[in-house]
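Below is work27.cif, holding mmCIF, C-alpha atoms.
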data_final
loop_
_atom_site.group_PDB
_atom_site.id
_atom_site.type_symbol
_atom_site.label_atom_id
_atom_site.label_comp_id
_atom_site.auth_asym_id
_atom_site.auth_seq_id
_atom_site.Cartn_x
_atom_site.Cartn_y
_atom_site.Cartn_z
ATOM 1 C CA MET A 1 94.976 142.698 86.307
ATOM 2 C CA THR A 2 91.451 141.312 86.716
ATOM 3 C CA ILE A 3 90.699 138.193 88.767
ATOM 4 C CA PHE A 4 87.487 136.493 87.687
ATOM 5 C CA GLY A 5 87.541 133.579 90.122
ATOM 6 C CA LYS A 6 85.763 130.301 89.443
ATOM 7 C CA TYR A 7 83.712 129.542 86.376
ATOM 8 C CA ARG A 8 80.703 127.229 86.433
ATOM 9 C CA ASN A 9 81.052 125.533 83.074
ATOM 10 C CA PHE A 10 82.760 125.607 79.709
ATOM 11 C CA LEU A 11 80.325 128.098 78.160
ATOM 12 C CA GLU A 12 80.991 130.597 80.948
ATOM 13 C CA LEU A 13 84.757 130.134 80.542
ATOM 14 C CA LYS A 14 84.507 130.587 76.774
ATOM 15 C CA LYS A 15 82.500 133.777 77.214
ATOM 16 C CA MET A 16 85.054 135.207 79.670
ATOM 17 C CA ILE A 17 88.005 134.385 77.400
ATOM 18 C CA LEU A 18 86.394 135.763 74.224
ATOM 19 C CA GLU A 19 84.956 138.913 75.815
ATOM 20 C CA ASN A 20 88.310 139.757 77.404
ATOM 21 C CA GLU A 21 90.291 138.913 74.252
ATOM 22 C CA VAL A 22 92.608 136.521 76.058
ATOM 23 C CA ASP A 23 95.687 135.719 73.935
ATOM 24 C CA LEU A 24 97.393 133.157 76.153
ATOM 25 C CA VAL A 25 96.212 130.755 78.847
ATOM 26 C CA ILE A 26 98.843 129.867 81.456
ATOM 27 C CA PHE A 27 98.854 126.628 83.453
ATOM 28 C CA PRO A 28 101.538 126.985 86.147
ATOM 29 C CA ALA A 29 100.754 123.599 87.725
ATOM 30 C CA LYS A 30 103.051 122.635 90.601
ATOM 31 C CA TRP A 31 102.309 118.913 90.294
ATOM 32 C CA ALA A 32 101.768 116.517 87.433
ATOM 33 C CA GLU A 33 98.244 116.063 86.131
ATOM 34 C CA THR A 34 97.179 112.933 84.286
ATOM 35 C CA PHE A 35 95.239 114.626 81.482
ATOM 36 C CA SER A 36 94.029 118.200 82.204
ATOM 37 C CA TYR A 37 90.591 118.917 80.810
ATOM 38 C CA THR A 38 91.197 122.642 81.326
ATOM 39 C CA LEU A 39 93.966 122.432 78.724
ATOM 40 C CA SER A 40 91.418 120.938 76.318
ATOM 41 C CA GLU A 41 89.020 123.774 77.127
ATOM 42 C CA ALA A 42 91.613 126.445 76.293
ATOM 43 C CA TRP A 43 92.479 124.731 73.027
ATOM 44 C CA SER A 44 88.829 124.254 72.073
ATOM 45 C CA ILE A 45 88.395 128.043 72.367
ATOM 46 C CA GLY A 46 91.389 128.453 70.052
ATOM 47 C CA VAL A 47 93.858 129.958 72.529
ATOM 48 C CA PRO A 48 97.477 128.787 72.767
ATOM 49 C CA VAL A 49 98.837 127.830 76.177
ATOM 50 C CA LEU A 50 101.918 128.174 78.338
ATOM 51 C CA VAL A 51 102.238 125.135 80.594
ATOM 52 C CA SER A 52 104.530 123.875 83.323
ATOM 53 C CA ASP A 53 107.032 121.169 82.488
ATOM 54 C CA LEU A 54 105.162 118.501 84.448
ATOM 55 C CA GLY A 55 102.982 115.539 83.580
ATOM 56 C CA ALA A 56 100.218 115.611 80.996
ATOM 57 C CA LEU A 57 100.404 119.352 80.426
ATOM 58 C CA LYS A 58 103.960 119.064 79.139
ATOM 59 C CA ASP A 59 103.305 115.788 77.302
ATOM 60 C CA ARG A 60 100.226 117.048 75.480
ATOM 61 C CA VAL A 61 101.816 120.332 74.379
ATOM 62 C CA GLU A 62 104.974 118.572 73.205
ATOM 63 C CA LYS A 63 102.890 116.038 71.277
ATOM 64 C CA ASN A 64 100.297 118.394 69.752
ATOM 65 C CA GLY A 65 101.943 121.807 69.673
ATOM 66 C CA GLY A 66 99.593 124.677 70.415
ATOM 67 C CA GLY A 67 101.733 126.167 73.146
ATOM 68 C CA TRP A 68 104.962 126.409 75.066
ATOM 69 C CA VAL A 69 106.475 124.538 78.007
ATOM 70 C CA VAL A 70 108.321 126.343 80.802
ATOM 71 C CA ASP A 71 110.069 125.392 84.037
ATOM 72 C CA ILE A 72 107.840 127.017 86.661
ATOM 73 C CA SER A 73 110.200 126.456 89.588
ATOM 74 C CA GLU A 74 111.228 130.130 89.302
ATOM 75 C CA THR A 75 108.766 132.953 88.618
ATOM 76 C CA LYS A 76 111.409 134.647 86.494
ATOM 77 C CA ASN A 77 111.345 131.696 84.047
ATOM 78 C CA VAL A 78 107.638 132.267 83.421
ATOM 79 C CA GLU A 79 108.049 136.027 83.086
ATOM 80 C CA ASN A 80 110.912 135.594 80.605
ATOM 81 C CA LYS A 81 108.923 133.079 78.548
ATOM 82 C CA ILE A 82 105.935 135.432 78.344
ATOM 83 C CA LEU A 83 108.220 138.270 77.197
ATOM 84 C CA GLU A 84 109.753 135.915 74.607
ATOM 85 C CA ILE A 85 106.276 134.981 73.306
ATOM 86 C CA ILE A 86 105.328 138.671 73.033
ATOM 87 C CA SER A 87 108.549 139.440 71.156
ATOM 88 C CA LYS A 88 107.937 136.747 68.524
ATOM 89 C CA PRO A 89 104.512 137.399 66.950
ATOM 90 C CA GLU A 90 105.202 135.037 64.034
ATOM 91 C CA GLU A 91 105.777 132.177 66.492
ATOM 92 C CA TYR A 92 102.576 133.101 68.334
ATOM 93 C CA ILE A 93 100.618 132.925 65.051
ATOM 94 C CA ALA A 94 102.182 129.519 64.284
ATOM 95 C CA LYS A 95 101.129 128.220 67.727
ATOM 96 C CA THR A 96 97.594 129.567 67.193
ATOM 97 C CA ASN A 97 97.465 127.715 63.870
ATOM 98 C CA GLU A 98 98.637 124.525 65.622
ATOM 99 C CA VAL A 99 95.748 124.883 68.081
ATOM 100 C CA GLN A 100 93.311 124.874 65.149
ATOM 101 C CA GLN A 101 94.777 121.543 63.968
ATOM 102 C CA ILE A 102 94.482 119.763 67.346
ATOM 103 C CA SER A 103 91.770 117.116 67.303
ATOM 104 C CA LEU A 104 89.972 117.090 70.645
ATOM 105 C CA LYS A 105 87.746 114.221 71.734
ATOM 106 C CA ASP A 106 84.187 114.773 72.812
ATOM 107 C CA LEU A 107 82.896 113.628 76.205
ATOM 108 C CA ASP A 108 81.271 110.446 74.868
ATOM 109 C CA SER A 109 84.525 109.368 73.207
ATOM 110 C CA MET A 110 86.465 109.951 76.422
ATOM 111 C CA ILE A 111 83.939 107.962 78.466
ATOM 112 C CA PHE A 112 84.150 105.086 75.983
ATOM 113 C CA GLU A 113 87.972 105.106 76.137
ATOM 114 C CA TYR A 114 88.078 105.138 79.947
ATOM 115 C CA ASP A 115 85.481 102.381 80.104
ATOM 116 C CA THR A 116 87.508 100.261 77.665
ATOM 117 C CA VAL A 117 90.733 100.786 79.632
ATOM 118 C CA TYR A 118 89.104 99.846 82.941
ATOM 119 C CA LYS A 119 87.370 96.766 81.539
ATOM 120 C CA THR A 120 90.571 95.585 79.824
ATOM 121 C CA TYR A 121 92.535 96.064 83.036
ATOM 122 C CA LEU A 122 89.970 94.251 85.156
ATOM 123 C CA LYS A 123 89.974 91.282 82.749
ATOM 124 C CA SER A 124 93.780 91.101 82.791
ATOM 125 C CA ILE A 125 94.283 90.863 86.544
ATOM 126 C CA THR A 126 93.863 87.801 88.718
ATOM 127 C CA PRO A 127 90.951 88.335 91.087
ATOM 128 C CA ILE A 128 92.208 89.181 94.551
ATOM 129 C CA TYR A 129 90.096 86.475 96.141
ATOM 130 C CA PHE A 130 92.455 83.857 94.665
ATOM 131 C CA SER A 131 95.194 85.193 96.954
ATOM 132 C CA GLN A 132 96.161 83.262 100.084
ATOM 133 C CA ASN A 133 95.870 86.466 102.097
ATOM 134 C CA VAL A 134 92.118 86.639 101.630
ATOM 135 C CA PHE A 135 89.421 84.838 103.563
ATOM 136 C CA THR A 136 87.742 81.828 102.091
ATOM 137 C CA ASN A 137 84.055 81.440 102.836
ATOM 138 C CA ASN A 138 84.910 78.612 105.237
ATOM 139 C CA ASP A 139 87.350 80.884 107.104
ATOM 140 C CA LEU A 140 84.669 83.511 107.528
ATOM 141 C CA LEU A 141 82.166 81.005 108.867
ATOM 142 C CA LYS A 142 84.698 79.548 111.311
ATOM 143 C CA ASN A 143 85.624 82.985 112.581
ATOM 144 C CA ILE A 144 82.029 84.131 113.029
ATOM 145 C CA PHE A 145 80.965 80.965 114.871
ATOM 146 C CA SER A 146 84.344 79.959 116.316
ATOM 147 C CA GLU A 147 82.995 79.365 119.851
ATOM 148 C CA ASN A 148 80.393 76.933 118.533
ATOM 149 C CA LEU A 149 82.621 75.078 116.098
ATOM 150 C CA HIS A 150 85.389 73.826 118.380
ATOM 151 C CA THR A 151 86.863 73.931 121.839
ATOM 152 C CA PRO A 152 90.514 74.783 122.554
ATOM 153 C CA SER A 153 91.243 71.132 123.334
ATOM 154 C CA GLU A 154 90.135 70.135 119.825
ATOM 155 C CA THR A 155 92.263 72.741 118.057
ATOM 156 C CA SER A 156 95.783 71.873 116.997
ATOM 157 C CA ASN A 157 98.577 74.449 117.190
ATOM 158 C CA ILE A 158 98.420 74.986 113.432
ATOM 159 C CA GLU A 159 94.656 75.525 113.503
ATOM 160 C CA ALA A 160 94.995 77.906 116.457
ATOM 161 C CA GLU A 161 97.609 79.968 114.611
ATOM 162 C CA TYR A 162 95.430 79.926 111.477
ATOM 163 C CA SER A 163 92.366 81.048 113.451
ATOM 164 C CA ALA A 164 94.324 83.828 115.143
ATOM 165 C CA ASN A 165 94.963 85.329 111.701
ATOM 166 C CA LEU A 166 91.283 85.243 110.665
ATOM 167 C CA PRO A 167 90.421 88.779 111.856
ATOM 168 C CA ARG A 168 93.443 90.163 109.987
ATOM 169 C CA ARG A 169 92.427 88.230 106.884
ATOM 170 C CA LEU A 170 88.840 89.461 107.163
ATOM 171 C CA VAL A 171 90.116 93.035 107.270
ATOM 172 C CA GLN A 172 92.414 92.279 104.305
ATOM 173 C CA CYS A 173 89.481 90.845 102.367
ATOM 174 C CA TYR A 174 87.527 94.015 103.099
ATOM 175 C CA TYR A 175 90.385 96.276 101.909
ATOM 176 C CA ASP A 176 91.077 94.208 98.794
ATOM 177 C CA ASN A 177 87.497 93.514 97.708
ATOM 178 C CA GLY A 178 85.311 96.047 99.483
ATOM 179 C CA PHE A 179 82.583 95.855 102.057
ATOM 180 C CA ILE A 180 79.773 94.620 99.829
ATOM 181 C CA TYR A 181 81.831 91.745 98.395
ATOM 182 C CA THR A 182 82.972 90.634 101.879
ATOM 183 C CA VAL A 183 79.478 90.823 103.390
ATOM 184 C CA ASN A 184 77.778 89.107 100.441
ATOM 185 C CA LYS A 185 80.265 86.245 100.356
ATOM 186 C CA THR A 186 80.000 85.780 104.120
ATOM 187 C CA LYS A 187 76.201 85.855 104.015
ATOM 188 C CA ALA A 188 76.020 83.387 101.099
ATOM 189 C CA TYR A 189 78.282 80.913 102.817
ATOM 190 C CA VAL A 190 76.487 81.167 106.169
ATOM 191 C CA CYS A 191 73.118 80.589 104.471
ATOM 192 C CA GLU A 192 74.535 77.596 102.605
ATOM 193 C CA ALA A 193 76.059 76.157 105.788
ATOM 194 C CA PHE A 194 72.764 76.425 107.695
ATOM 195 C CA SER A 195 70.774 74.918 104.828
ATOM 196 C CA ARG A 196 73.020 71.824 105.007
ATOM 197 C CA LYS A 197 72.184 71.233 108.679
#
Since I need it in another form, could you write the structure as structure tokens?
Amino acid sequence: MTIFGKYRNFLELKKMILENEVDLVIFPAKWAETFSYTLSEAWSIGVPVLVSDLGALKDRVEKNGGGWVVDISETKNVENKILEIISKPEEYIAKTNEVQQISLKDLDSMIFEYDTVYKTYLKSITPIYFSQNVFTNNDLLKNIFSENLHTPSETSNIEAEYSANLPRRLVQCYYDNGFIYTVNKTKAYVCEAFSRK
């Protein structure tokens, strides 16, 4: 057995696989992947695959063909599957032919799809700043300048309880919307408040 280690890019991987006449690429993943670009790389070189029965590896092979799925919880399962593949050359040829029929997307197409999914998702959700758990600009201003805005004698019990939650809400705003959003909104409101004075 030869261990090649890491490869830098697809061209290097392709060269290694072709020069060493690799007949089967095995993906014994122990956890579910969401897509697996390495599976695409093996298929684009024309080599069938043996994948674990988890996540996208399993889903893609079951949908497209071009390989076999095996339960990798026991090493013996993988060994037996490899021996089965070797013993059935006609099935191996059929899987190799399936690989040739798989339509793989190029990088630009994948980027476009991801971008579309993200933009569609972002348009479909209610912005987090509409939540009651997030600071309003007024809340931020009150919290920043709380000593100057009121004295304890002027604050009702409800206002005191509300003000006590302001630091927690500021942190929540930061976690939900990010640092830049929180700082920019705070800065804009403070500038507006001072311009009114």
Inset, instruction - For range 92-99 of chain A, work out the shell of residues within 6 Å, counting only C-alpha atoms and skipping chain neighbours fewer than 6 positions away, then give it as a list in words. - result: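 Here the answer would be Trp43, Gly46, Pro48, Gly65, Gly66 and Gly67 of chain A.
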Inset, instruction - For the structure provided, state which residues fall under the PyMOL selection byres ((chain A and resi 11-17) around 12), and present them as an NGL selection string. - result: :A and (2-10 or 18-25 or 38 or 40-48)
Legend entry - Test item: the PyMOL selection byres ((chain A and resi 35) around 8) resolved as a list in words: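 Written out, the selection comes to Glu33, Thr34, Ser36, Tyr37, Ala56 and Leu57 of chain A.
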Inset, instruction - Would you mind telling me which residue in A:Val183, A:Ala29, A:Val78, A:Val49 lies nearest to Leu141 in chain A when using all atoms listed in the file? - result: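 Of all the options, A:Val183 lies closest to Leu141 in chain A.
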Legend entry - Residue nearest Leu104 in chain A among A:Leu39, A:Ala32, A:Ile180, A:Val171 (counting all atoms listed in the file):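 For Leu104 in chain A, the nearest of the given residues is A:Leu39.
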Inset, instruction - Can you work out which one of A:Ile111, A:Ala188, A:Ile102, A:Val69 has the shortest atom-to-atom distance to Ile26 in chain A, counting only C-alpha atoms? - result: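 Smallest separation from Ile26 in chain A among the options: A:Val69.
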Inset, instruction - Could you tell me how far CA of Ile72 in chain A lies from CA of Ser52 in chain A, in Å and to one decimal? - result: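 CA of Ser52 in chain A lies 5.7 Å from CA of Ile72 in chain A.
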Inset, instruction - State, in Å with one decimal place, the distance from CA of Val70 in chain A to CA of Ile82 in chain A. - result: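 Computing it gives 9.7 Å between the two atoms.
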Add whatever atoms are absent from range 85-104 of chain A to reach N, CA, C and O atoms, and provide the output as a PDB file, keeping the file's coordinate frame.
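Resulting contents of part-v3.pdb:
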ATOM      1  N   ILE A  85     107.460 135.213  74.150  1.00  0.00           N
ATOM      2  CA  ILE A  85     106.276 134.981  73.306  1.00  0.00           C
ATOM      3  C   ILE A  85     105.792 136.301  72.702  1.00  0.00           C
ATOM      4  O   ILE A  85     105.480 136.384  71.506  1.00  0.00           O
ATOM      5  N   ILE A  86     105.765 137.353  73.508  1.00  0.00           N
ATOM      6  CA  ILE A  86     105.328 138.671  73.033  1.00  0.00           C
ATOM      7  C   ILE A  86     106.263 139.191  71.945  1.00  0.00           C
ATOM      8  O   ILE A  86     105.826 139.811  70.972  1.00  0.00           O
ATOM      9  N   SER A  87     107.553 138.902  72.109  1.00  0.00           N
ATOM     10  CA  SER A  87     108.549 139.440  71.156  1.00  0.00           C
ATOM     11  C   SER A  87     108.605 138.674  69.836  1.00  0.00           C
ATOM     12  O   SER A  87     109.292 139.103  68.908  1.00  0.00           O
ATOM     13  N   LYS A  88     107.905 137.558  69.746  1.00  0.00           N
ATOM     14  CA  LYS A  88     107.937 136.747  68.524  1.00  0.00           C
ATOM     15  C   LYS A  88     106.515 136.511  68.008  1.00  0.00           C
ATOM     16  O   LYS A  88     105.975 135.415  68.123  1.00  0.00           O
ATOM     17  N   PRO A  89     105.906 137.540  67.408  1.00  0.00           N
ATOM     18  CA  PRO A  89     104.512 137.399  66.950  1.00  0.00           C
ATOM     19  C   PRO A  89     104.315 136.317  65.894  1.00  0.00           C
ATOM     20  O   PRO A  89     103.265 135.674  65.853  1.00  0.00           O
ATOM     21  N   GLU A  90     105.333 136.084  65.063  1.00  0.00           N
ATOM     22  CA  GLU A  90     105.202 135.037  64.034  1.00  0.00           C
ATOM     23  C   GLU A  90     105.118 133.655  64.681  1.00  0.00           C
ATOM     24  O   GLU A  90     104.378 132.780  64.208  1.00  0.00           O
ATOM     25  N   GLU A  91     105.846 133.459  65.777  1.00  0.00           N
ATOM     26  CA  GLU A  91     105.777 132.177  66.492  1.00  0.00           C
ATOM     27  C   GLU A  91     104.411 132.022  67.170  1.00  0.00           C
ATOM     28  O   GLU A  91     103.831 130.943  67.187  1.00  0.00           O
ATOM     29  N   TYR A  92     103.899 133.138  67.705  1.00  0.00           N
ATOM     30  CA  TYR A  92     102.576 133.101  68.334  1.00  0.00           C
ATOM     31  C   TYR A  92     101.516 132.698  67.300  1.00  0.00           C
ATOM     32  O   TYR A  92     100.653 131.868  67.582  1.00  0.00           O
ATOM     33  N   ILE A  93     101.587 133.259  66.102  1.00  0.00           N
ATOM     34  CA  ILE A  93     100.618 132.925  65.051  1.00  0.00           C
ATOM     35  C   ILE A  93     100.738 131.446  64.680  1.00  0.00           C
ATOM     36  O   ILE A  93      99.730 130.756  64.489  1.00  0.00           O
ATOM     37  N   ALA A  94     101.975 130.934  64.613  1.00  0.00           N
ATOM     38  CA  ALA A  94     102.182 129.519  64.284  1.00  0.00           C
ATOM     39  C   ALA A  94     101.555 128.623  65.360  1.00  0.00           C
ATOM     40  O   ALA A  94     100.915 127.608  65.046  1.00  0.00           O
ATOM     41  N   LYS A  95     101.720 129.010  66.630  1.00  0.00           N
ATOM     42  CA  LYS A  95     101.129 128.220  67.727  1.00  0.00           C
ATOM     43  C   LYS A  95      99.603 128.283  67.677  1.00  0.00           C
ATOM     44  O   LYS A  95      98.917 127.285  67.931  1.00  0.00           O
ATOM     45  N   THR A  96      99.050 129.433  67.322  1.00  0.00           N
ATOM     46  CA  THR A  96      97.594 129.567  67.193  1.00  0.00           C
ATOM     47  C   THR A  96      97.080 128.676  66.068  1.00  0.00           C
ATOM     48  O   THR A  96      96.031 128.037  66.206  1.00  0.00           O
ATOM     49  N   ASN A  97      97.838 128.608  64.975  1.00  0.00           N
ATOM     50  CA  ASN A  97      97.465 127.715  63.870  1.00  0.00           C
ATOM     51  C   ASN A  97      97.536 126.248  64.293  1.00  0.00           C
ATOM     52  O   ASN A  97      96.710 125.427  63.879  1.00  0.00           O
ATOM     53  N   GLU A  98      98.533 125.901  65.106  1.00  0.00           N
ATOM     54  CA  GLU A  98      98.637 124.525  65.622  1.00  0.00           C
ATOM     55  C   GLU A  98      97.407 124.163  66.447  1.00  0.00           C
ATOM     56  O   GLU A  98      96.895 123.049  66.365  1.00  0.00           O
ATOM     57  N   VAL A  99      96.945 125.131  67.250  1.00  0.00           N
ATOM     58  CA  VAL A  99      95.748 124.883  68.081  1.00  0.00           C
ATOM     59  C   VAL A  99      94.572 124.496  67.198  1.00  0.00           C
ATOM     60  O   VAL A  99      93.802 123.585  67.531  1.00  0.00           O
ATOM     61  N   GLN A 100      94.427 125.158  66.054  1.00  0.00           N
ATOM     62  CA  GLN A 100      93.311 124.874  65.149  1.00  0.00           C
ATOM     63  C   GLN A 100      93.375 123.456  64.580  1.00  0.00           C
ATOM     64  O   GLN A 100      92.356 122.884  64.206  1.00  0.00           O
ATOM     65  N   GLN A 101      94.585 122.887  64.537  1.00  0.00           N
ATOM     66  CA  GLN A 101      94.777 121.543  63.968  1.00  0.00           C
ATOM     67  C   GLN A 101      94.628 120.426  65.007  1.00  0.00           C
ATOM     68  O   GLN A 101      94.588 119.254  64.655  1.00  0.00           O
ATOM     69  N   ILE A 102      94.564 120.781  66.292  1.00  0.00           N
ATOM     70  CA  ILE A 102      94.482 119.763  67.346  1.00  0.00           C
ATOM     71  C   ILE A 102      93.087 119.148  67.342  1.00  0.00           C
ATOM     72  O   ILE A 102      92.079 119.849  67.405  1.00  0.00           O
ATOM     73  N   SER A 103      93.047 117.831  67.292  1.00  0.00           N
ATOM     74  CA  SER A 103      91.770 117.116  67.303  1.00  0.00           C
ATOM     75  C   SER A 103      91.433 116.744  68.746  1.00  0.00           C
ATOM     76  O   SER A 103      92.125 115.934  69.361  1.00  0.00           O
ATOM     77  N   LEU A 104      90.398 117.356  69.268  1.00  0.00           N
ATOM     78  CA  LEU A 104      89.972 117.090  70.645  1.00  0.00           C
ATOM     79  C   LEU A 104      88.807 116.111  70.648  1.00  0.00           C
ATOM     80  O   LEU A 104      87.932 116.179  69.790  1.00  0.00           O
TER      81      LEU A 104
END
